[in-house]
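A.B. asks: Handing you this structure, nothing more for now.
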Amino acid sequence: MPVSFDHTIIVSKNREESARFFRDLLERPAAPSWGPFLNVQLDDGTLLQFAEPPVEEVQMQHYAFLVDDDLFDRAYARLRERGVEHWADPQMTRPGETNTGHGGRGVYFKDPAGHAIELLTRPYL
């Protein structure tokens, strides 16, 4: 069996808000959920499982999503319409811009839980 990525748990102070943010941004329908998880399923079957663990502070993580050019355009337009602060680089030195690294485009921003999110149109390798 080939290796593939199946799921990850994304910690959030408000799992409904975070799941809704990603469903809207990535244009995903509601997915079956269970227990403490609200799920968002990607095209390849990978599950993003949003949960609210009993912690005071959410530790920031980085999540990068490879999208096609059309979805990038629509998602980037939604980020701008909502006034979501974004950068062309992970160091956050180029605010309000996108980048053209690796022969594609990319953008960095924070999700409602404070995680560092990256959208890119071409893989690094």
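Following the order of the structure tokens, first chain is A, next is B, and so on, with residues numbered from 1 inside each chain and ligands from 1 in the order they appear.
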Enumerate the residues of region 87-121 of chain A with a DSSP assignment of strand (DSSP E or B), computed from the backbone, and present them as a list of chain:residue names.
C.D. replies: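 Selection result, strand (DSSP E or B) within region 87-121 of chain A: A:Trp87, A:Pro95, A:Asn99, A:Gly106, A:Val107, A:Tyr108, A:Phe109, A:Lys110, A:Ala116, A:Ile117, A:Glu118, A:Leu119, A:Leu120.
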A.B. asks: Could you take the residues named above and write them with N, CA and C atoms, as a PDB file, in the first residue's frame?
C.D. replies:
```
ATOM      1  N   TRP A  87       0.294  37.854   4.176  1.00  0.00           N
ATOM      2  CA  TRP A  87       1.664  38.207   3.806  1.00  0.00           C
ATOM      3  C   TRP A  87       2.139  37.342   2.654  1.00  0.00           C
ATOM      4  N   PRO A  95       3.464  42.507   3.997  1.00  0.00           N
ATOM      5  CA  PRO A  95       2.013  42.474   4.222  1.00  0.00           C
ATOM      6  C   PRO A  95       1.217  42.855   2.977  1.00  0.00           C
ATOM      7  N   ASN A  99       3.180  35.810  -3.131  1.00  0.00           N
ATOM      8  CA  ASN A  99       4.514  35.564  -3.679  1.00  0.00           C
ATOM      9  C   ASN A  99       4.406  34.728  -4.950  1.00  0.00           C
ATOM     10  N   GLY A 106       1.729  32.072  -3.785  1.00  0.00           N
ATOM     11  CA  GLY A 106       1.490  31.672  -2.408  1.00  0.00           C
ATOM     12  C   GLY A 106       1.100  32.848  -1.557  1.00  0.00           C
ATOM     13  N   VAL A 107       0.449  32.536  -0.430  1.00  0.00           N
ATOM     14  CA  VAL A 107       0.062  33.559   0.532  1.00  0.00           C
ATOM     15  C   VAL A 107       0.015  32.916   1.922  1.00  0.00           C
ATOM     16  N   TYR A 108       0.334  33.708   2.937  1.00  0.00           N
ATOM     17  CA  TYR A 108       0.344  33.272   4.327  1.00  0.00           C
ATOM     18  C   TYR A 108      -0.642  34.129   5.112  1.00  0.00           C
ATOM     19  N   PHE A 109      -1.348  33.513   6.061  1.00  0.00           N
ATOM     20  CA  PHE A 109      -2.300  34.228   6.913  1.00  0.00           C
ATOM     21  C   PHE A 109      -2.573  33.375   8.144  1.00  0.00           C
ATOM     22  N   LYS A 110      -3.329  33.910   9.081  1.00  0.00           N
ATOM     23  CA  LYS A 110      -3.685  33.162  10.290  1.00  0.00           C
ATOM     24  C   LYS A 110      -5.157  32.766  10.224  1.00  0.00           C
ATOM     25  N   ALA A 116      -0.800  29.330  11.559  1.00  0.00           N
ATOM     26  CA  ALA A 116      -0.207  29.907  10.354  1.00  0.00           C
ATOM     27  C   ALA A 116      -0.612  29.047   9.164  1.00  0.00           C
ATOM     28  N   ILE A 117      -1.340  29.644   8.227  1.00  0.00           N
ATOM     29  CA  ILE A 117      -1.865  28.923   7.075  1.00  0.00           C
ATOM     30  C   ILE A 117      -1.180  29.435   5.814  1.00  0.00           C
ATOM     31  N   GLU A 118      -0.897  28.511   4.919  1.00  0.00           N
ATOM     32  CA  GLU A 118      -0.278  28.845   3.637  1.00  0.00           C
ATOM     33  C   GLU A 118      -1.112  28.230   2.524  1.00  0.00           C
ATOM     34  N   LEU A 119      -1.428  29.026   1.523  1.00  0.00           N
ATOM     35  CA  LEU A 119      -2.016  28.517   0.288  1.00  0.00           C
ATOM     36  C   LEU A 119      -0.964  28.662  -0.789  1.00  0.00           C
ATOM     37  N   LEU A 120      -0.722  27.602  -1.572  1.00  0.00           N
ATOM     38  CA  LEU A 120       0.241  27.676  -2.656  1.00  0.00           C
ATOM     39  C   LEU A 120      -0.300  26.930  -3.871  1.00  0.00           C
TER      40      LEU A 120
END
```
A.B. asks: Could you pull the residues within 7 Å of region 8-12 of chain A, counting only C-alpha atoms, minus those fewer than 2 positions along the same chain, as a list in words?
C.D. replies: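 Neighbouring residues, sequence-local ones excluded: Asn14, Arg15, Ser18, Leu47, Leu48, Gln49, Phe50, Ala51, Glu52, Pro53, Val58 and Ala113 of chain A.
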A.B. asks: With N, CA, C and O atoms retained, export the selected residues as an mmCIF file, in the first residue's frame.
C.D. replies:
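Result file follows (again16.cif):
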```cif
data_model
loop_
_atom_site.group_PDB
_atom_site.id
_atom_site.type_symbol
_atom_site.label_atom_id
_atom_site.label_comp_id
_atom_site.auth_asym_id
_atom_site.auth_seq_id
_atom_site.Cartn_x
_atom_site.Cartn_y
_atom_site.Cartn_z
ATOM 1 N N ASN A 14 -12.620 27.401 19.166
ATOM 2 C CA ASN A 14 -13.990 27.338 18.674
ATOM 3 C C ASN A 14 -13.991 26.475 17.419
ATOM 4 O O ASN A 14 -13.736 26.958 16.324
ATOM 5 N N ARG A 15 -14.258 25.193 17.581
ATOM 6 C CA ARG A 15 -14.160 24.259 16.463
ATOM 7 C C ARG A 15 -15.151 24.584 15.346
ATOM 8 O O ARG A 15 -14.841 24.393 14.181
ATOM 9 N N SER A 18 -13.668 27.507 13.301
ATOM 10 C CA SER A 18 -12.514 27.070 12.504
ATOM 11 C C SER A 18 -12.939 26.176 11.343
ATOM 12 O O SER A 18 -12.480 26.361 10.216
ATOM 13 N N LEU A 47 -8.646 14.160 6.169
ATOM 14 C CA LEU A 47 -9.551 14.837 7.086
ATOM 15 C C LEU A 47 -8.801 15.860 7.925
ATOM 16 O O LEU A 47 -7.745 15.567 8.494
ATOM 17 N N LEU A 48 -9.354 17.064 7.990
ATOM 18 C CA LEU A 48 -8.939 18.059 8.972
ATOM 19 C C LEU A 48 -9.956 17.932 10.093
ATOM 20 O O LEU A 48 -11.147 18.144 9.880
ATOM 21 N N GLN A 49 -9.508 17.551 11.282
ATOM 22 C CA GLN A 49 -10.413 17.318 12.398
ATOM 23 C C GLN A 49 -10.219 18.422 13.427
ATOM 24 O O GLN A 49 -9.180 18.502 14.067
ATOM 25 N N PHE A 50 -11.232 19.271 13.567
ATOM 26 C CA PHE A 50 -11.164 20.404 14.488
ATOM 27 C C PHE A 50 -11.707 19.989 15.845
ATOM 28 O O PHE A 50 -12.784 19.410 15.944
ATOM 29 N N ALA A 51 -10.937 20.281 16.891
ATOM 30 C CA ALA A 51 -11.304 19.891 18.248
ATOM 31 C C ALA A 51 -10.955 21.005 19.220
ATOM 32 O O ALA A 51 -10.062 21.822 18.963
ATOM 33 N N GLU A 52 -11.653 21.027 20.344
ATOM 34 C CA GLU A 52 -11.443 22.012 21.409
ATOM 35 C C GLU A 52 -10.926 21.306 22.662
ATOM 36 O O GLU A 52 -11.701 20.973 23.553
ATOM 37 N N PRO A 53 -9.628 21.069 22.741
ATOM 38 C CA PRO A 53 -9.095 20.422 23.943
ATOM 39 C C PRO A 53 -9.112 21.382 25.124
ATOM 40 O O PRO A 53 -9.165 22.600 24.940
ATOM 41 N N VAL A 58 -3.837 28.003 22.659
ATOM 42 C CA VAL A 58 -3.633 27.154 21.490
ATOM 43 C C VAL A 58 -2.221 27.372 20.969
ATOM 44 O O VAL A 58 -1.810 28.504 20.721
ATOM 45 N N ALA A 113 -8.068 30.345 14.871
ATOM 46 C CA ALA A 113 -7.400 29.863 16.078
ATOM 47 C C ALA A 113 -5.981 30.395 16.217
ATOM 48 O O ALA A 113 -5.315 30.146 17.219
#
```
A.B. asks: List the spatial neighbours of Pro123 (chain A) as JSON, numbers by chain - criterion: any atom at most 12 Å away, only C-alpha atoms, same-chain residues fewer than 3 positions off excluded.
C.D. replies: {"A": [64, 65, 66, 67, 68, 100, 101, 102, 103, 104, 105, 106, 118, 119, 120]}
A.B. asks: Between CA of Ala30 (chain A) and CA of Glu57 (chain A), what is the distance in Å, rounded to a tenth?
C.D. replies: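 Spanning CA of Ala30 (chain A) to CA of Glu57 (chain A) is a straight-line distance of 27.1 Å.
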